[in-house]
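Source file: target-v3.cif (mmCIF, C-alpha atoms)
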```cif
data_final
#
loop_
_atom_site.label_atom_id
_atom_site.label_comp_id
_atom_site.auth_asym_id
_atom_site.auth_seq_id
_atom_site.Cartn_x
_atom_site.Cartn_y
_atom_site.Cartn_z
CA MET M 1 0.00 0.00 0.00
CA ARG M 2 1.32 3.40 -0.96
CA LEU M 3 1.86 5.95 1.79
CA ALA M 4 -0.63 8.40 0.26
CA GLU M 5 -3.26 5.66 0.18
CA ALA M 6 -2.48 4.79 3.80
CA TRP M 7 -3.00 8.44 4.80
CA ARG M 8 -6.34 8.52 2.98
CA VAL M 9 -7.54 5.37 4.69
CA ALA M 10 -6.40 6.70 8.08
CA VAL M 11 -8.28 9.97 7.57
CA ASP M 12 -11.42 8.10 6.48
CA ALA M 13 -11.23 5.87 9.55
CA LEU M 14 -11.00 8.87 11.88
CA ARG M 15 -13.87 10.63 10.11
CA ALA M 16 -16.05 7.56 10.54
CA ASN M 17 -15.73 7.93 14.34
CA ARG M 18 -15.59 11.70 14.79
CA LEU M 19 -16.71 11.84 18.42
CA ARG M 20 -14.32 9.12 19.50
CA SER M 21 -11.47 10.77 17.62
CA VAL M 22 -12.17 14.15 19.26
CA LEU M 23 -12.33 12.64 22.74
CA THR M 24 -9.11 10.73 22.08
CA MET M 25 -7.33 13.92 20.99
CA LEU M 26 -8.58 15.85 24.02
CA GLY M 27 -5.89 14.52 26.34
CA VAL M 28 -3.16 15.47 23.87
CA VAL M 29 -4.70 18.91 23.28
CA ILE M 30 -4.83 19.67 27.01
CA GLY M 31 -1.29 18.37 27.59
CA VAL M 32 0.28 20.39 24.78
CA ALA M 33 -1.68 23.53 25.72
CA ALA M 34 -0.57 23.20 29.35
CA VAL M 35 3.09 22.80 28.36
CA VAL M 36 3.02 25.81 26.03
CA ALA M 37 1.14 28.06 28.47
CA LEU M 38 3.17 27.18 31.58
CA VAL M 39 6.52 27.48 29.78
CA ALA M 40 5.37 30.87 28.42
CA ILE M 41 4.48 32.07 31.93
CA GLY M 42 7.79 30.84 33.36
CA THR M 43 9.77 32.44 30.54
CA GLY M 44 7.85 35.71 30.81
CA THR M 45 8.44 35.88 34.55
CA LYS M 46 12.16 35.24 34.06
CA ARG M 47 12.45 37.99 31.44
CA GLN M 48 10.54 40.45 33.60
CA ILE M 49 12.83 39.88 36.59
CA GLU M 50 15.89 40.24 34.37
CA GLN M 51 14.57 43.56 33.05
CA GLN M 52 13.87 44.77 36.59
CA VAL M 53 17.38 43.91 37.79
CA GLU M 54 18.97 45.51 34.74
CA GLY M 55 16.67 48.51 35.14
CA LEU M 56 18.24 49.36 38.49
CA GLY M 57 21.29 50.70 36.69
CA SER M 58 24.41 49.54 34.89
CA ASN M 59 27.58 47.96 36.33
CA LEU M 60 26.15 47.88 39.85
CA LEU M 61 27.99 46.37 42.78
CA LEU M 62 26.05 45.78 46.01
CA VAL M 63 28.04 45.46 49.25
CA VAL M 64 26.35 44.14 52.39
CA PRO M 65 27.54 42.71 55.72
CA GLY M 66 27.45 38.92 56.02
CA ARG M 67 27.85 36.08 53.55
CA LEU M 68 25.32 35.74 50.71
CA GLU M 69 25.09 31.97 50.60
CA ALA M 70 22.51 29.31 51.40
CA GLY M 71 22.11 28.71 55.12
CA ALA M 72 24.06 31.79 56.18
CA ALA M 73 22.53 33.67 59.10
CA PRO M 74 21.71 37.37 58.64
CA THR M 75 24.38 39.73 59.95
CA ALA M 76 23.67 42.99 61.77
CA SER M 77 25.23 45.92 59.96
CA THR M 78 28.25 47.59 61.54
CA LEU M 79 28.71 50.06 58.67
CA THR M 80 28.77 53.79 59.39
CA MET M 81 29.28 56.97 57.38
CA ASP M 82 33.01 56.74 58.18
CA ASP M 83 33.05 53.50 56.18
CA VAL M 84 31.42 55.34 53.28
CA ASP M 85 34.35 57.77 53.27
CA ALA M 86 36.80 54.83 53.22
CA VAL M 87 34.93 53.18 50.33
CA THR M 88 34.84 56.50 48.46
CA ARG M 89 38.62 56.65 48.65
CA VAL M 90 38.82 53.17 47.12
CA VAL M 91 36.33 53.99 44.38
CA GLY M 92 37.83 57.42 43.74
CA ASP M 93 34.51 59.16 43.06
CA ARG M 94 31.81 59.93 45.62
CA ASP M 95 29.18 60.18 42.87
CA ARG M 96 29.58 56.44 42.27
CA VAL M 97 28.74 55.46 45.86
CA ALA M 98 25.22 55.22 47.30
CA VAL M 99 24.09 54.08 50.73
CA THR M 100 20.79 53.18 52.33
CA ILE M 101 19.21 52.81 55.72
CA SER M 102 15.57 51.78 55.55
CA SER M 103 12.60 51.60 57.87
CA GLY M 104 8.89 51.15 57.43
CA GLU M 105 7.15 54.33 58.60
CA THR M 106 3.71 55.92 58.50
CA VAL M 107 3.82 59.18 56.55
CA ARG M 108 1.11 61.74 57.33
CA ALA M 109 -0.08 64.90 55.64
CA GLY M 110 -3.03 66.53 57.38
CA SER M 111 -5.73 63.91 57.90
CA ARG M 112 -4.25 61.53 55.33
CA SER M 113 -1.65 58.86 55.95
CA ALA M 114 0.23 56.17 54.01
CA PHE M 115 2.63 53.44 55.06
CA ALA M 116 5.90 53.80 53.20
CA SER M 117 9.46 52.55 53.11
CA MET M 118 11.61 55.41 54.35
CA GLN M 119 15.02 55.31 52.68
CA GLY M 120 17.90 57.28 54.15
CA VAL M 121 20.18 57.98 51.18
CA LEU M 122 22.96 60.13 49.79
CA GLU M 123 22.48 62.72 47.07
CA THR M 124 24.17 60.28 44.67
CA THR M 125 21.25 57.82 44.45
CA PRO M 126 19.92 59.01 41.04
CA THR M 127 23.47 58.78 39.66
CA VAL M 128 24.10 55.23 40.86
CA PHE M 129 20.60 53.89 40.25
CA VAL M 130 18.17 54.69 37.46
CA ARG M 131 15.50 56.80 39.17
CA LYS M 132 13.79 59.74 37.49
CA LEU M 133 11.92 62.63 39.06
CA GLU M 134 8.45 63.67 37.93
CA ARG M 135 8.63 67.12 39.54
CA GLY M 136 10.76 69.14 41.92
CA SER M 137 14.39 68.31 42.74
CA TYR M 138 16.38 65.63 44.51
CA LEU M 139 18.50 65.83 47.66
CA THR M 140 21.72 67.83 47.59
CA ARG M 141 25.05 67.25 49.28
CA THR M 142 24.26 70.12 51.63
CA ASP M 143 21.00 68.41 52.62
CA VAL M 144 22.97 65.29 53.56
CA SER M 145 25.81 67.04 55.38
CA THR M 146 23.42 69.17 57.48
CA GLY M 147 20.77 66.48 58.01
CA ARG M 148 18.10 68.77 56.57
CA ARG M 149 14.56 67.48 56.98
CA VAL M 150 13.54 67.29 53.31
CA ALA M 151 11.92 64.39 51.45
CA VAL M 152 11.33 63.06 47.96
CA LEU M 153 8.10 61.07 47.68
CA GLY M 154 7.33 58.02 45.56
CA ALA M 155 4.42 58.43 43.16
CA GLY M 156 2.12 56.21 45.23
CA VAL M 157 2.81 58.05 48.48
CA ALA M 158 2.34 61.44 46.83
CA SER M 159 -0.99 60.34 45.35
CA SER M 160 -2.22 58.91 48.67
CA LEU M 161 -1.30 62.00 50.68
CA PHE M 162 -2.04 64.83 48.26
CA GLY M 163 -4.21 63.43 45.48
CA ASP M 164 -4.09 65.79 42.50
CA ARG M 165 -2.52 68.63 44.48
CA ASP M 166 1.11 69.61 43.94
CA PRO M 167 3.05 68.30 46.99
CA ILE M 168 6.18 70.40 46.38
CA GLY M 169 6.81 72.67 49.37
CA ARG M 170 4.21 71.00 51.57
CA GLN M 171 4.91 69.34 54.92
CA VAL M 172 4.70 65.64 55.76
CA THR M 173 5.28 63.94 59.09
CA ILE M 174 7.50 60.86 59.32
CA GLY M 175 7.85 59.20 62.69
CA GLY M 176 6.52 62.34 64.37
CA VAL M 177 9.09 64.59 62.64
CA ARG M 178 8.15 67.11 59.96
CA PHE M 179 9.83 67.02 56.55
CA ARG M 180 9.37 69.37 53.63
CA VAL M 181 8.62 67.78 50.26
CA ILE M 182 11.07 68.90 47.57
CA GLY M 183 10.35 66.38 44.82
CA THR M 184 8.38 63.35 43.61
CA PHE M 185 9.49 60.32 41.60
CA GLU M 186 8.02 59.09 38.34
CA ARG M 187 5.70 56.13 38.74
CA LEU M 188 7.74 52.92 38.61
CA GLY M 189 5.50 50.13 39.94
CA GLN M 190 6.65 46.79 41.31
CA SER M 191 10.30 45.79 41.03
CA LEU M 192 11.57 42.46 42.38
CA GLY M 193 8.46 42.17 44.52
CA VAL M 194 8.88 45.64 46.06
CA ASP M 195 6.53 48.55 45.44
CA ARG M 196 8.97 51.26 44.38
CA ASP M 197 6.20 53.89 44.42
CA SER M 198 5.78 53.54 48.19
CA GLU M 199 9.29 54.83 48.96
CA VAL M 200 10.22 58.11 50.61
CA HIS M 201 13.84 59.29 50.27
CA VAL M 202 15.34 61.50 52.97
CA PRO M 203 18.98 62.42 53.73
CA VAL M 204 20.75 59.50 55.38
CA THR M 205 21.87 61.74 58.25
CA ALA M 206 18.27 62.82 58.93
CA ALA M 207 17.14 59.18 58.83
CA GLN M 208 19.85 58.16 61.29
CA ARG M 209 18.82 60.92 63.67
CA LEU M 210 15.16 59.91 63.36
CA LEU M 211 15.95 56.24 64.04
CA GLY M 212 18.50 56.97 66.76
CA THR M 213 21.39 55.12 65.10
CA ASP M 214 24.60 55.80 63.22
CA ARG M 215 24.55 52.62 61.11
CA ILE M 216 23.80 52.17 57.42
CA ASP M 217 22.38 48.97 55.97
CA GLY M 218 24.45 48.63 52.83
CA LEU M 219 26.38 50.20 49.98
CA ALA M 220 25.86 50.34 46.24
CA ILE M 221 28.66 51.22 43.84
CA ARG M 222 28.52 51.90 40.12
CA ALA M 223 31.71 50.62 38.53
CA PRO M 224 33.27 52.61 35.64
CA ASP M 225 32.91 49.57 33.35
CA ARG M 226 32.01 45.89 33.50
CA GLU M 227 35.60 44.67 33.19
CA ARG M 228 36.71 46.31 36.44
CA ILE M 229 33.68 45.47 38.57
CA GLY M 230 35.20 42.28 40.01
CA ALA M 231 38.46 43.93 41.06
CA LEU M 232 36.58 46.90 42.51
CA GLY M 233 34.35 44.60 44.57
CA ALA M 234 37.38 42.77 45.99
CA ALA M 235 39.09 46.06 46.88
CA VAL M 236 35.97 47.42 48.64
CA VAL M 237 35.46 44.20 50.62
CA ALA M 238 39.15 44.22 51.63
CA ALA M 239 38.91 47.85 52.83
CA LEU M 240 35.79 47.14 54.89
CA SER M 241 37.26 43.93 56.31
CA ASP M 242 40.31 45.86 57.52
CA ARG M 243 38.01 48.30 59.34
CA HIS M 244 35.73 45.56 60.72
CA PRO M 245 37.81 42.37 61.17
CA GLU M 246 34.99 40.69 63.09
CA THR M 247 32.48 41.05 60.25
CA ASP M 248 32.31 39.32 56.89
CA PHE M 249 31.27 41.34 53.85
CA SER M 250 29.92 40.29 50.47
CA ALA M 251 29.95 42.07 47.13
CA VAL M 252 27.48 40.87 44.52
CA THR M 253 27.04 42.04 40.94
CA GLN M 254 23.93 42.23 38.78
CA GLU M 255 25.18 39.30 36.71
CA GLN M 256 25.45 37.16 39.83
CA ILE M 257 21.93 38.11 40.92
CA LEU M 258 20.58 37.35 37.46
CA GLY M 259 22.45 34.05 37.40
CA VAL M 260 20.95 32.85 40.68
CA LEU M 261 17.43 34.04 39.81
CA GLY M 262 17.74 32.59 36.31
CA ASP M 263 18.73 29.18 37.66
CA ILE M 264 15.82 29.16 40.12
CA LEU M 265 13.26 30.25 37.53
CA GLY M 266 14.71 27.84 34.96
CA VAL M 267 14.22 24.91 37.33
CA LEU M 268 10.71 26.14 38.17
CA THR M 269 9.80 26.39 34.49
CA GLY M 270 11.15 22.89 33.88
CA VAL M 271 9.13 21.49 36.78
CA LEU M 272 5.95 23.17 35.51
CA ALA M 273 6.54 21.80 32.00
CA SER M 274 7.18 18.31 33.40
CA ILE M 275 3.98 18.38 35.42
CA ALA M 276 2.06 19.48 32.33
CA GLY M 277 3.80 16.75 30.34
CA ILE M 278 2.13 14.12 32.55
CA SER M 279 -1.16 14.93 30.85
CA LEU M 280 0.54 14.18 27.51
CA LEU M 281 1.45 10.76 28.89
CA VAL M 282 -2.15 10.22 29.97
CA GLY M 283 -3.30 11.33 26.51
CA GLY M 284 -0.92 8.80 24.94
CA VAL M 285 -2.38 5.99 27.03
CA GLY M 286 -5.83 7.05 25.84
CA VAL M 287 -4.68 6.95 22.22
CA SER M 288 -3.27 3.47 22.71
CA ASN M 289 -6.47 2.20 24.33
CA ILE M 290 -8.70 3.61 21.62
CA MET M 291 -6.50 2.20 18.85
CA LEU M 292 -6.61 -1.25 20.48
CA VAL M 293 -10.40 -1.00 20.56
CA SER M 294 -10.34 0.07 16.91
CA VAL M 295 -8.26 -2.98 15.98
CA ARG M 296 -10.81 -5.26 17.63
CA GLU M 297 -13.76 -3.53 15.98
CA ARG M 298 -12.16 -3.68 12.53
CA THR M 299 -10.92 -7.27 12.71
CA LYS M 300 -13.01 -8.36 9.70
CA GLU M 301 -11.75 -5.36 7.68
CA ILE M 302 -8.17 -6.31 8.50
CA GLY M 303 -8.81 -9.94 7.52
CA LEU M 304 -10.39 -8.88 4.22
CA ARG M 305 -7.45 -6.63 3.34
CA LYS M 306 -4.98 -9.37 4.12
CA ALA M 307 -7.00 -11.79 2.02
CA VAL M 308 -6.69 -9.52 -1.03
CA GLY M 309 -2.93 -9.12 -0.62
CA ALA M 310 -2.24 -6.51 2.07
CA ARG M 311 0.99 -7.25 3.91
CA PRO M 312 1.26 -7.13 7.73
CA ARG M 313 3.49 -4.07 7.34
CA ASP M 314 0.77 -2.28 5.34
CA ILE M 315 -1.82 -2.91 8.06
CA GLY M 316 0.60 -1.85 10.78
CA VAL M 317 1.53 1.38 8.97
CA GLN M 318 -2.16 2.24 8.51
CA PHE M 319 -2.96 1.97 12.22
CA LEU M 320 0.27 3.71 13.19
CA LEU M 321 -0.61 6.59 10.87
CA GLU M 322 -4.03 6.87 12.49
CA ALA M 323 -2.42 7.21 15.92
CA VAL M 324 0.15 9.74 14.69
CA LEU M 325 -2.55 11.72 12.89
CA LEU M 326 -4.63 11.88 16.07
CA THR M 327 -1.75 13.13 18.24
CA THR M 328 -0.34 15.49 15.60
CA LEU M 329 -3.68 17.16 15.03
CA GLY M 330 -4.13 17.28 18.80
CA GLY M 331 -0.68 18.88 19.09
CA VAL M 332 -1.55 21.61 16.60
CA LEU M 333 -4.84 22.38 18.37
CA GLY M 334 -3.04 22.28 21.74
CA MET M 335 -0.41 24.78 20.56
CA ALA M 336 -3.12 27.15 19.37
CA LEU M 337 -4.96 26.81 22.68
CA GLY M 338 -1.74 27.24 24.70
CA ILE M 339 -0.69 30.36 22.78
CA SER M 340 -4.17 31.86 23.22
CA ALA M 341 -4.14 31.09 26.94
CA ALA M 342 -0.67 32.60 27.39
CA LEU M 343 -1.61 35.79 25.52
CA LEU M 344 -4.81 36.05 27.57
CA VAL M 345 -2.90 35.67 30.85
CA ASP M 346 -0.31 38.25 29.74
CA ARG M 347 -2.99 40.80 28.78
CA LEU M 348 -5.56 40.35 31.54
CA SER M 349 -3.40 39.54 34.58
CA PRO M 350 -0.22 40.87 36.21
CA VAL M 351 1.52 37.57 35.37
CA PRO M 352 3.80 38.01 32.33
CA ALA M 353 3.98 35.42 29.55
CA ALA M 354 6.36 35.07 26.60
CA ILE M 355 5.96 32.50 23.83
CA THR M 356 9.20 30.74 22.89
CA TRP M 357 9.81 28.78 19.69
CA TRP M 358 11.51 25.94 21.51
CA SER M 359 8.46 25.27 23.69
CA LEU M 360 6.26 25.03 20.58
CA THR M 361 8.75 22.72 18.88
CA LEU M 362 9.08 20.58 21.99
CA ALA M 363 5.32 20.32 22.53
CA PHE M 364 4.64 19.43 18.90
CA GLY M 365 7.52 16.94 18.76
CA VAL M 366 6.42 15.24 21.97
CA SER M 367 2.82 14.98 20.76
CA ALA M 368 3.96 13.34 17.51
CA ALA M 369 6.28 11.02 19.45
CA VAL M 370 3.37 10.06 21.72
CA GLY M 371 1.44 8.94 18.65
CA ILE M 372 4.35 6.84 17.42
CA VAL M 373 5.18 5.28 20.79
CA PHE M 374 1.62 4.52 21.85
CA GLY M 375 0.53 3.53 18.34
CA VAL M 376 3.16 0.83 17.89
CA VAL M 377 1.46 -1.87 19.99
CA PRO M 378 -2.00 -1.54 18.33
CA ALA M 379 -0.34 -1.41 14.90
CA GLN M 380 1.69 -4.55 15.61
CA ARG M 381 -1.40 -6.37 16.87
CA ALA M 382 -3.33 -5.42 13.74
CA GLY M 383 -0.47 -6.54 11.49
CA LYS M 384 -0.17 -9.94 13.19
CA LEU M 385 -3.85 -10.93 12.89
CA ASP M 386 -4.41 -14.15 10.96
CA PRO M 387 -6.64 -13.35 7.93
CA VAL M 388 -8.68 -16.59 8.23
CA VAL M 389 -9.37 -16.06 11.94
CA ALA M 390 -10.09 -12.38 11.33
CA LEU M 391 -12.65 -13.11 8.61
CA ARG M 392 -14.48 -15.61 10.83
CA THR M 393 -14.66 -13.14 13.75
CA GLU M 394 -18.18 -11.92 14.60
#
```
Could you write out this structure as structure tokens?
Amino acid sequence: MRLAEAWRVAVDALRANRLRSVLTMLGVVIGVAAVVALVAIGTGTKRQIEQQVEGLGSNLLLVVPGRLEAGAAPTASTLTMDDVDAVTRVVGDRDRVAVTISSGETVRAGSRSAFASMQGVLETTPTVFVRKLERGSYLTRTDVSTGRRVAVLGAGVASSLFGDRDPIGRQVTIGGVRFRVIGTFERLGQSLGVDRDSEVHVPVTAAQRLLGTDRIDGLAIRAPDRERIGALGAAVVAALSDRHPETDFSAVTQEQILGVLGDILGVLTGVLASIAGISLLVGGVGVSNIMLVSVRERTKEIGLRKAVGARPRDIGVQFLLEAVLLTTLGGVLGMALGISAALLVDRLSPVPAAITWWSLTLAFGVSAAVGIVFGVVPAQRAGKLDPVVALRTE
């Protein structure tokens, strides 16, 4: 039997049992759609996090007390502004060094209030990180050196406290202390799970006075270029270790953060795809069962074809093609459903999704392979039927 003739016979056989064919394909359709949609969600989430990390700035080096490794206990910060001066000497440019001391505080303006993350910072923050103002101005070096009580509000805080009114020049109360608003940030939204619009930046010296401490939580440094970031991190850690021999310090780059997050999200995406792939396995079992039933129902047909000269291989190829056709068509429908679901999730929910060519290729290839693997046994059984026995079967 020619291959084209075998395809025609396979299509006619599936048309003769449309409902059964559709129900058989359903498991494959659901499995392929689940693989495509879940891989798209995992990939979209990974890309979004990468964009957020890269959006913080370029060539960033984060220095914190303690060791950044699994199982390491958190370390209380012993850093002070004197350490910032020592790090500045290593870096050679104060504009490349930023610090932070943070605390959750209730910010009030008249009868309105909002809970915000108060960040005590240097005037260099917009230079080190990418952070744009919507109106007003940012902190100055004089503000930091004198501990002036001025504040720059995140877009969410400004909206909660002042609505449509211009907050510049108005007073807000943080921790019972009044600050004058000198600027507001552009709306930024969520970044790495943190609402950047709920921040309030004040001079680090004013924040230390408000919190009754002289510590800072960590340092951020913008390296001149990517090639020197490793050497700069080692030099900064060495300088801080000389000043605080009892404390360990860690310097981590954006690439290292992205590498760790990428590995975690890659494993998560693989797990999700594997779980979805189980439904493909179930769909394959269904295909095999239905094809075995089909062989039994069409025993007389098989016997008649063998009686007029059909070889066992011809019969086997016909039934194998029917199984492959079922799973391939199911794979195509599943890809269309998975792409539609991923696009719907990306548009109507905060969960990002990104379609990748390799997930489509993998899903389609697996669905076709399922048809081949689970169609072999029914095809072999059909090919081995004795024509005399088959013709006498009721």
### Task
Could you state which residues are captured by the PyMOL selection byres ((chain M and resi 41) around 12) in this file, as a count of residues only?
39
Output as AutoDock Vina command-line options the centre and edge lengths (Å, one decimal) of the box along x, y and z of the file that holds every listed atom of segment 211-222 of chain M after adding 5 Å on each side.
```
--center_x 22.3 --center_y 52.8 --center_z 53.4 --size_x 22.7 --size_y 18.3 --size_z 36.6
```
Just so the selection is clear, what residues does the PyMOL selection byres ((chain M and resi 136) around 8) cover here, as a PDB file with C-alpha atoms, keeping the file's coordinate frame?
```pdb
ATOM      1  CA  LEU M 133      11.920  62.630  39.060  1.00  0.00           C
ATOM      2  CA  GLU M 134       8.450  63.670  37.930  1.00  0.00           C
ATOM      3  CA  ARG M 135       8.630  67.120  39.540  1.00  0.00           C
ATOM      4  CA  SER M 137      14.390  68.310  42.740  1.00  0.00           C
ATOM      5  CA  TYR M 138      16.380  65.630  44.510  1.00  0.00           C
ATOM      6  CA  ILE M 168       6.180  70.400  46.380  1.00  0.00           C
ATOM      7  CA  ILE M 182      11.070  68.900  47.570  1.00  0.00           C
ATOM      8  CA  GLY M 183      10.350  66.380  44.820  1.00  0.00           C
ATOM      9  CA  THR M 184       8.380  63.350  43.610  1.00  0.00           C
TER      10      THR M 184
END
```
### Query
How far is it from atom CA of Gly212 of chain M to atom CA of Phe179 of chain M, in Å with one decimal?
16.7 Å
### Query
Which is closest to Gln190 of chain M among M:Ala206, M:Leu79, M:Ile49, M:Ala369, if we use all atoms listed in the file?
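Among M:Ala206, M:Leu79, M:Ile49, M:Ala369, it is M:Ile49 that comes nearest to Gln190 of chain M.
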### Residues matched by the PyMOL selection byres ((chain M and resi 113) around 10) as a PyMOL selection string
chain M and resi 106-112+114-116+157+160-162+172-174
## Note on the structure
A straight line from atom CA of Val366 of chain M to atom CA of Gln318 of chain M spans 20.6 Å
### Å distance separating atom CA of Leu321 of chain M from atom CA of Ile275 of chain M, one decimal place
27.6 Å
#### Entry: Among listed residues M:Ser145, M:Asn17, M:Ser279, M:Ser103, nearest Leu326 of chain M (using all atoms listed in the file)
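The answer is M:Asn17, which sits nearest to Leu326 of chain M.
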### Task
Rank nothing, just name the residue among M:Asp164, M:Asp225, M:Asp214, M:Asp95 nearest to Thr78 of chain M, using all atoms listed in the file.
M:Asp214
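Selection around (18.9, 49.9, 56.9) with radius 6 Å, counting only C-alpha atoms, yields the residues Thr100, Ile101, Ser102, Ile216 and Asp217 of chain M.
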Saved selection, atoms kept: C-alpha atoms, as a short mmCIF file (atom, residue, chain, number, x, y, z; two decimals), in the frame of the given file:
```cif
data_model
loop_
_atom_site.label_atom_id
_atom_site.label_comp_id
_atom_site.auth_asym_id
_atom_site.auth_seq_id
_atom_site.Cartn_x
_atom_site.Cartn_y
_atom_site.Cartn_z
CA THR M 100 20.79 53.18 52.33
CA ILE M 101 19.21 52.81 55.72
CA SER M 102 15.57 51.78 55.55
CA ILE M 216 23.80 52.17 57.42
CA ASP M 217 22.38 48.97 55.97
#
```
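With all atoms listed in the file taken into account, the protein and nucleic acid residues at most 7 Å from segment 28-33 of chain M (excluding it and anything under 6 positions from it in its own chain) are M:Ala276, M:Gly277, M:Ser279, M:Leu280, M:Gly283, M:Thr327, M:Gly330, M:Gly331, M:Leu333, M:Gly334, M:Met335, M:Leu337, M:Gly338, M:Ala363, M:Ser367.
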